[in-house]
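Before any comments, here is the structure.
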Amino acid sequence: MNGPDRSPAAGVGDSAPFSESWERLSAEIRACRLCPLGATRTHAVVYRGSPSPRLVFVGEAPGAAEDRAGLPFVGRSGSRLNAAIDVVGLSTREFGILNVLKCRPPGNRFDRAAARTCRPYLRRQLALLRPRALVPLGAVALRELAPEAPRILLAAGRPLGSPDGPIFPLIHPAAALRSRALRDRWERDVVALRDWVQVAL
Ligand code: SF4
């Protein structure tokens with residue numbers, strides 16, 4: 001049986017269209033040069049997924065594969081995230097994926113000053129998407145969405161409150177590639193997310 005479409009272009013053919021406001025914002029991000037990362041990126045990475053998601057996964061910043069493709073989570077981490085989304089049981093219309101930073105930082109070193117400049121784009125994206133809950137992926141996204149939350153290894157795998165409403169942090173999928181223990185943690189937490197989505201969303 002074929003599963004839901006998780007291709008990088010997933011969401012493009014969804015029945016519900018993106019709003020004009022969303023399209024204007026996306027074009028603004030793609031043309032942005034407000035911080036130095038605008039000069040070194042190949043593509044600004046805006047979003048992939050549904051125009052009206054129940055759940056939005058929030059990563060840190062584009063990596064090399066994402067910078068080339070102009071889409072978030074299309075490399076090895078993306079494969080792991082797509083597999084997790086299958087476990088949670090979300091259809092293409094039910095989720096979206098974006099990053100805190102829209103442009104790749106050279107050497108993949110997260111740039112806090114650039115993130116401050118970029119923050120209004122994330123805020124405007126979330127205001128337009130209005131998901132029921134957010135899933136910060138890793139420490140950077142958790143700090144961005146819930147500065148008061150415990151460290152990621154304490155916070156991951158359970159629901160928390162945030163200024164944006166309910167969040168359910170996970171460790172970053174790239175971290176889950178680093179060791180057997182972190183892979184096991186990732187898999188346990190994804191099952192916990194599935195259980196929470198079933199009862200809370
Ligand atoms: S990282 Fe954000 S603020 Fe900086 S150039 Fe890219 S879109 Fe603009």
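Numbering starts fresh at 1 for the residues of each chain in the structure tokens, the chains themselves are lettered A, B, ... in the order given, and ligands are numbered from 1 as they appear.
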Skip Leu71 of chain A itself and residues of its chain fewer than 6 positions away, then list as a PDB file with all heavy atoms, in the first residue's frame all residues within 9 Å of it, counting only C-alpha atoms.
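Once everything was written out, this is selection.pdb:
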ATOM      1  N   PRO A   8       9.542  16.164  -1.219  1.00  0.00           N
ATOM      2  CA  PRO A   8       9.834  17.551  -0.896  1.00  0.00           C
ATOM      3  C   PRO A   8       8.757  18.510  -1.375  1.00  0.00           C
ATOM      4  O   PRO A   8       8.534  19.544  -0.783  1.00  0.00           O
ATOM      5  CB  PRO A   8      11.163  17.808  -1.616  1.00  0.00           C
ATOM      6  CG  PRO A   8      11.801  16.464  -1.696  1.00  0.00           C
ATOM      7  CD  PRO A   8      10.673  15.488  -1.861  1.00  0.00           C
ATOM      8  N   ALA A   9       8.071  18.150  -2.445  1.00  0.00           N
ATOM      9  CA  ALA A   9       7.058  19.066  -2.974  1.00  0.00           C
ATOM     10  C   ALA A   9       5.699  18.838  -2.337  1.00  0.00           C
ATOM     11  O   ALA A   9       4.725  19.477  -2.708  1.00  0.00           O
ATOM     12  CB  ALA A   9       6.937  18.899  -4.485  1.00  0.00           C
ATOM     13  N   HIS A  43      19.440  29.198  -1.607  1.00  0.00           N
ATOM     14  CA  HIS A  43      18.006  29.494  -1.556  1.00  0.00           C
ATOM     15  C   HIS A  43      17.611  29.792  -0.117  1.00  0.00           C
ATOM     16  O   HIS A  43      18.070  29.111   0.802  1.00  0.00           O
ATOM     17  CB  HIS A  43      17.170  28.289  -2.011  1.00  0.00           C
ATOM     18  CG  HIS A  43      17.366  27.918  -3.440  1.00  0.00           C
ATOM     19  ND1 HIS A  43      18.117  26.825  -3.824  1.00  0.00           N
ATOM     20  CD2 HIS A  43      16.912  28.488  -4.578  1.00  0.00           C
ATOM     21  CE1 HIS A  43      18.118  26.745  -5.141  1.00  0.00           C
ATOM     22  NE2 HIS A  43      17.391  27.736  -5.631  1.00  0.00           N
ATOM     23  N   ALA A  44      16.732  30.739   0.073  1.00  0.00           N
ATOM     24  CA  ALA A  44      16.047  30.845   1.357  1.00  0.00           C
ATOM     25  C   ALA A  44      15.059  29.674   1.427  1.00  0.00           C
ATOM     26  O   ALA A  44      14.447  29.296   0.426  1.00  0.00           O
ATOM     27  CB  ALA A  44      15.303  32.167   1.456  1.00  0.00           C
ATOM     28  N   VAL A  45      14.943  29.084   2.614  1.00  0.00           N
ATOM     29  CA  VAL A  45      14.103  27.888   2.795  1.00  0.00           C
ATOM     30  C   VAL A  45      12.875  28.302   3.599  1.00  0.00           C
ATOM     31  O   VAL A  45      12.985  28.641   4.780  1.00  0.00           O
ATOM     32  CB  VAL A  45      14.915  26.786   3.507  1.00  0.00           C
ATOM     33  CG1 VAL A  45      14.038  25.594   3.831  1.00  0.00           C
ATOM     34  CG2 VAL A  45      16.097  26.373   2.634  1.00  0.00           C
ATOM     35  N   VAL A  46      11.733  28.271   2.962  1.00  0.00           N
ATOM     36  CA  VAL A  46      10.536  28.868   3.551  1.00  0.00           C
ATOM     37  C   VAL A  46       9.696  27.848   4.318  1.00  0.00           C
ATOM     38  O   VAL A  46       9.434  28.010   5.517  1.00  0.00           O
ATOM     39  CB  VAL A  46       9.682  29.554   2.460  1.00  0.00           C
ATOM     40  CG1 VAL A  46       8.407  30.137   3.058  1.00  0.00           C
ATOM     41  CG2 VAL A  46      10.488  30.654   1.771  1.00  0.00           C
ATOM     42  N   TYR A  47       9.295  26.757   3.675  1.00  0.00           N
ATOM     43  CA  TYR A  47       8.269  25.885   4.277  1.00  0.00           C
ATOM     44  C   TYR A  47       8.023  24.714   3.346  1.00  0.00           C
ATOM     45  O   TYR A  47       8.194  24.833   2.142  1.00  0.00           O
ATOM     46  CB  TYR A  47       6.966  26.691   4.417  1.00  0.00           C
ATOM     47  CG  TYR A  47       5.790  25.965   5.047  1.00  0.00           C
ATOM     48  CD1 TYR A  47       5.767  25.670   6.398  1.00  0.00           C
ATOM     49  CD2 TYR A  47       4.678  25.603   4.281  1.00  0.00           C
ATOM     50  CE1 TYR A  47       4.676  25.027   6.981  1.00  0.00           C
ATOM     51  CE2 TYR A  47       3.582  24.959   4.857  1.00  0.00           C
ATOM     52  CZ  TYR A  47       3.585  24.688   6.208  1.00  0.00           C
ATOM     53  OH  TYR A  47       2.518  24.049   6.790  1.00  0.00           O
ATOM     54  N   ARG A  48       7.625  23.585   3.908  1.00  0.00           N
ATOM     55  CA  ARG A  48       6.953  22.568   3.093  1.00  0.00           C
ATOM     56  C   ARG A  48       5.822  21.984   3.903  1.00  0.00           C
ATOM     57  O   ARG A  48       5.925  21.834   5.125  1.00  0.00           O
ATOM     58  CB  ARG A  48       7.908  21.496   2.575  1.00  0.00           C
ATOM     59  CG  ARG A  48       8.367  20.448   3.549  1.00  0.00           C
ATOM     60  CD  ARG A  48       9.175  19.383   2.788  1.00  0.00           C
ATOM     61  NE  ARG A  48       9.995  18.589   3.687  1.00  0.00           N
ATOM     62  CZ  ARG A  48       9.665  17.351   4.072  1.00  0.00           C
ATOM     63  NH1 ARG A  48       8.554  16.791   3.669  1.00  0.00           N
ATOM     64  NH2 ARG A  48      10.474  16.700   4.879  1.00  0.00           N
ATOM     65  N   PRO A  62      18.424  25.673   7.727  1.00  0.00           N
ATOM     66  CA  PRO A  62      18.690  24.767   6.597  1.00  0.00           C
ATOM     67  C   PRO A  62      20.130  24.254   6.629  1.00  0.00           C
ATOM     68  O   PRO A  62      21.044  24.981   7.028  1.00  0.00           O
ATOM     69  CB  PRO A  62      18.478  25.663   5.366  1.00  0.00           C
ATOM     70  CG  PRO A  62      17.779  26.892   5.853  1.00  0.00           C
ATOM     71  CD  PRO A  62      18.140  27.044   7.304  1.00  0.00           C
ATOM     72  N   ALA A  65      21.788  20.318   2.024  1.00  0.00           N
ATOM     73  CA  ALA A  65      20.786  19.757   1.100  1.00  0.00           C
ATOM     74  C   ALA A  65      19.583  20.696   0.987  1.00  0.00           C
ATOM     75  O   ALA A  65      19.034  20.900  -0.104  1.00  0.00           O
ATOM     76  CB  ALA A  65      20.347  18.372   1.575  1.00  0.00           C
ATOM     77  N   LEU A  98       9.067  23.879   8.997  1.00  0.00           N
ATOM     78  CA  LEU A  98       9.824  25.104   8.716  1.00  0.00           C
ATOM     79  C   LEU A  98      11.000  25.192   9.685  1.00  0.00           C
ATOM     80  O   LEU A  98      11.160  24.336  10.566  1.00  0.00           O
ATOM     81  CB  LEU A  98       8.922  26.334   8.784  1.00  0.00           C
ATOM     82  CG  LEU A  98       7.933  26.484   9.945  1.00  0.00           C
ATOM     83  CD1 LEU A  98       8.637  26.723  11.250  1.00  0.00           C
ATOM     84  CD2 LEU A  98       6.943  27.600   9.664  1.00  0.00           C
TER      85      LEU A  98
END
Could you pull out the residues sitting within 8 Å of ligand 1, using only C-alpha atoms and all ligand atoms, and write them as a compact mmCIF listing (two decimals) with N, CA and C atoms, in the first residue's frame?
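Okay, this is what ended up in pocket.txt:
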# COMPACT_ATOMS: atom_id res chain seq x y z
N ILE A 29 10.43 36.48 1.94
CA ILE A 29 11.53 35.71 2.55
C ILE A 29 12.54 35.31 1.48
N ARG A 30 12.04 34.84 0.34
CA ARG A 30 12.96 34.38 -0.71
C ARG A 30 13.84 35.51 -1.24
N ALA A 31 13.34 36.73 -1.16
CA ALA A 31 14.11 37.87 -1.67
C ALA A 31 14.91 38.57 -0.57
N CYS A 32 14.80 38.10 0.68
CA CYS A 32 15.35 38.83 1.82
C CYS A 32 16.89 38.87 1.81
N ARG A 33 17.40 40.04 2.17
CA ARG A 33 18.85 40.23 2.36
C ARG A 33 19.09 41.01 3.66
N LEU A 34 18.20 40.83 4.63
CA LEU A 34 18.27 41.66 5.84
C LEU A 34 19.47 41.33 6.73
N CYS A 35 19.98 40.11 6.64
CA CYS A 35 21.15 39.75 7.45
C CYS A 35 22.22 39.16 6.53
N PRO A 36 23.44 38.97 7.02
CA PRO A 36 24.54 38.52 6.14
C PRO A 36 24.30 37.14 5.50
N LEU A 37 23.42 36.31 6.10
CA LEU A 37 23.19 34.99 5.51
C LEU A 37 22.53 35.08 4.14
N GLY A 38 21.89 36.20 3.87
CA GLY A 38 21.27 36.39 2.57
C GLY A 38 22.28 36.42 1.44
N ALA A 39 23.54 36.74 1.77
CA ALA A 39 24.58 36.83 0.73
C ALA A 39 25.25 35.49 0.48
N ARG A 41 23.67 32.25 1.11
CA ARG A 41 22.75 31.14 0.82
C ARG A 41 22.63 30.91 -0.69
N ALA A 44 16.73 30.74 0.07
CA ALA A 44 16.05 30.84 1.36
C ALA A 44 15.06 29.67 1.43
N LEU A 101 15.65 29.76 11.39
CA LEU A 101 16.43 30.56 10.42
C LEU A 101 16.07 30.13 9.01
N LYS A 102 15.85 31.07 8.14
CA LYS A 102 15.42 30.72 6.78
C LYS A 102 16.59 30.48 5.82
N CYS A 103 17.79 30.95 6.19
CA CYS A 103 18.94 30.78 5.30
C CYS A 103 20.05 30.00 6.01
N ARG A 104 20.77 29.22 5.23
CA ARG A 104 21.81 28.35 5.82
C ARG A 104 22.97 29.18 6.37
N PRO A 105 23.32 28.95 7.64
CA PRO A 105 24.52 29.61 8.16
C PRO A 105 25.76 28.85 7.68
N ALA A 114 21.58 36.60 13.42
CA ALA A 114 20.73 36.44 12.23
C ALA A 114 19.34 35.95 12.65
N ALA A 115 19.30 35.08 13.65
CA ALA A 115 18.00 34.56 14.09
C ALA A 115 17.12 35.67 14.65
N ARG A 116 17.74 36.64 15.32
CA ARG A 116 16.94 37.77 15.83
C ARG A 116 16.37 38.58 14.66
N THR A 117 17.19 38.78 13.64
CA THR A 117 16.71 39.53 12.48
C THR A 117 15.61 38.76 11.76
N CYS A 118 15.76 37.46 11.73
CA CYS A 118 14.84 36.59 10.98
C CYS A 118 13.53 36.32 11.74
N ARG A 119 13.53 36.55 13.05
CA ARG A 119 12.40 36.14 13.90
C ARG A 119 11.02 36.61 13.40
N TYR A 121 9.80 36.77 10.56
CA TYR A 121 9.26 35.87 9.53
C TYR A 121 8.61 34.65 10.17
Once you count only C-alpha atoms, what closest atom pair and distance in Å to one decimal does each residue of segment 106-135 of chain A within 12 Å of segment 16-28 of chain A have, with rows by chain and rising residue number, as CSV?
residue,atom,partner,partner_atom,distance
A:Cys118,CA,A:Glu28,CA,11.7
A:Pro120,CA,A:Leu25,CA,10.7
A:Tyr121,CA,A:Leu25,CA,7.8
A:Leu122,CA,A:Leu25,CA,10.3
A:Arg123,CA,A:Leu25,CA,11.2
A:Arg124,CA,A:Leu25,CA,8.0
A:Gln125,CA,A:Trp22,CA,7.5
A:Leu126,CA,A:Trp22,CA,10.4
A:Ala127,CA,A:Trp22,CA,10.0
A:Leu128,CA,A:Trp22,CA,6.9
A:Leu129,CA,A:Trp22,CA,8.5
A:Arg130,CA,A:Trp22,CA,11.9
I'd like the contact shell of segment 140-143 of chain A - 8 Å cut-off, only C-alpha atoms, skipping same-chain residues fewer than 3 positions apart - returned as a PyMOL selection string. chain A and resi 58-60+99-100+136-137+146-149+152+169
Write out, as CSV, each residue of segment 97-195 of chain A that has an atom at most 9 Å from segment 83-92 of chain A, together with the closest pair of atoms and their distance in Å to one decimal, counting only C-alpha atoms, rows going by chain and rising number.
residue,atom,partner,partner_atom,distance
A:Trp186,CA,A:Ala84,CA,9.0
A:Glu187,CA,A:Ala84,CA,7.9
A:Val190,CA,A:Ala84,CA,6.2
A:Val191,CA,A:Val88,CA,7.0
A:Ala192,CA,A:Val88,CA,8.9
A:Leu193,CA,A:Val88,CA,6.8
A:Arg194,CA,A:Val88,CA,4.3
A:Asp195,CA,A:Val88,CA,7.9
Using only C-alpha atoms, which of A:Pro173, A:Gly138, A:Pro131, A:Pro106 sits nearest Pro150 of chain A? A:Gly138
Which residues, written as a VMD selection string, have at least one atom at most 8 Å from Thr42 of chain A, with only C-alpha atoms counted and residues fewer than 3 positions away on the same chain left out? chain A and resid 67 to 68 70
Have a look at atom CA of Ala133 of chain A and atom CA of Pro72 of chain A and let me know their distance in Å, one decimal.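 Going from atom CA of Ala133 of chain A over to atom CA of Pro72 of chain A covers 18.7 Å.
The gap separating atom CA of Arg80 of chain A from atom CA of Gly49 of chain A is 16.1 Å, in Å to one decimal.
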Apply DSSP to the backbone of this structure and, from segment 27-74 of chain A, keep only the residues in helix (DSSP H, G or I); write these as a PyMOL selection string. chain A and resi 27-31+37-40+64-69
Within 9 Å of Leu134 of chain A, counting only C-alpha atoms, which residues show up once you throw out same-chain ones fewer than 4 positions away? Write them as a list in words, please. Arg54, Leu55, Val56, Phe57, Val58, Leu145, Asp164, Gly165, Pro166, Ile167, Phe168 and Pro169 of chain A
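Between atom CA of Ser50 of chain A and atom CA of Ile97 of chain A the separation is 8.9 Å.
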From the DSSP assignment of the backbone, select every residue of chain A that is strand (DSSP E), and format the answer as a count of residues only. 16
Let me make sure I understand: among A:Ser179, A:Leu160, A:Arg112, A:Glu94, which one has the smallest atom-to-atom distance to Ser52 of chain A if we use only C-alpha atoms?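 Of the candidates, the smallest distance to Ser52 of chain A is held by A:Glu94.
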Out of A:Leu177, A:Val197, A:Glu66, A:Pro163, which residue has the shortest atom-to-atom distance to Phe95 of chain A when counting only C-alpha atoms?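 Distance minimum relative to Phe95 of chain A lands on A:Val197.
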Would you list the contacts of Ala174 of chain A as a list in words, taking every protein, DNA or RNA residue within 10 Å and counting only C-alpha atoms, but skipping same-chain residues closer than 2 positions in sequence? Gly75, Arg76, Ser77, Gly78, Arg80, Leu81, Leu137, Gly138, Ile171, His172, Ala176, Leu177, Arg178, Leu182 and Arg183 of chain A
